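Q: Quick one: structure below, then a few questions.
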Amino acid sequence: MRMNQKKYLKLLKNSNKKDGKGRICSNIRIPTKWLSFRRKMMPIVQAIGEKNLTLLELVPRRGVSLEVGEKVYIGEDKRDKIYYILGRLHREKLTESAKQQLWEFIEKTVGENEKRFIEFYNKSEAINKRIHQIELLPGMGKKHMQEIIKERGKKKFEDFDEMRNRIPNLPDPEKAIEKRIIQELTIMERFNLFIK
């Protein structure tokens, strides 16, 4: 038996009954196809938060077109281009074009927020007795970690160039952070350093 959405909602409204404790109980199951009907009718935008680097699914307002890489406001105040936030985007649902754009965004973000990521090198600490946060960065092992800790003990790092000059044979510290952020966004990691 097929029923349109309006008839179904009317039937659902009329079928709600209160049990002995005052709770509303429904005796009609919601078909799973109808739960997802709204998603199929609306365009979905895949986005990443600037501050916490969280992958999100957004629904734009009707008639609004968004450009790739465009910044949009999603805070609590009035949103001009975004209707609402569907929620977090699961890493498996990330499209290939979104993955390519992600690399460009992460490179740009790390470059623009150099002080924030230099602070990671200046303040990183041991996770447990066996592993340090710096060791989780691609290309950084115990030797590099010990050199970074020794040099930051003398004087805190100011920027990535200074790190490269003070520590010989150090893999590019900027690229190491970029790769780690991409790993945390696309692969399930045991410890997250940058993604919240």
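Residue numbering restarts at 1 for every chain of the structure tokens, chains are lettered A, B, ... in their displayed order, and ligands are numbered from 1 as they appear.
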Within 9 Å of segment 96-111 of chain A, counting only C-alpha atoms, which residues show up once you throw out same-chain ones fewer than 6 positions away? Write them as a list in words, please.
A: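 Returned residues: Gln46, Ala47, Ile48, Glu50, Leu53, Val68, Gly69, Phe117, Glu174, Lys175, Ile177, Glu178, Lys179, Ile181, Ile182 and Thr186 of chain A.
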Q: As a ChimeraX atom specification, list the residues of segment 59-194 of chain A assigned to strand (DSSP E) by DSSP on the backbone atoms of this structure.
A: /A:59-60,82-88
Q: Produce a table with one row for each residue of segment 73-116 of chain A that has an atom at most 12 Å from any atom of segment 120-135 of chain A, each row naming the nearest atom pair and its distance in Å at one decimal; use only C-alpha atoms; arrange rows by chain and rising residue number; format as a Markdown table.
A:
```
| residue | atom | partner | partner_atom | distance |
| --- | --- | --- | --- | --- |
| A:Val110 | CA | A:Phe120 | CA | 11.8 |
| A:Asn113 | CA | A:Phe120 | CA | 11.5 |
| A:Glu114 | CA | A:Phe120 | CA | 10.0 |
| A:Lys115 | CA | A:Phe120 | CA | 8.8 |
| A:Arg116 | CA | A:Phe120 | CA | 6.9 |
```
Q: State, in Å with one decimal place, the distance from atom CA of Ile82 of chain A to atom CA of Val64 of chain A.
A: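 Computed distance, atom CA of Ile82 of chain A to atom CA of Val64 of chain A, equals 8.5 Å.
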Q: Just list the residues in segment 73-194 of chain A DSSP gives alpha helix (DSSP H) on the backbone, as a ChimeraX atom specification.
A: /A:96-112,114-123,142-154,160-166,173-186
Q: Name the closest residue to Glu67 of chain A among the candidates A:Leu185, A:Val45, A:Arg79, A:Lys156; distances are taken between atoms, counting only C-alpha atoms.
A: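 Comparing A:Leu185, A:Val45, A:Arg79, A:Lys156 against Glu67 of chain A, the winner is A:Val45.
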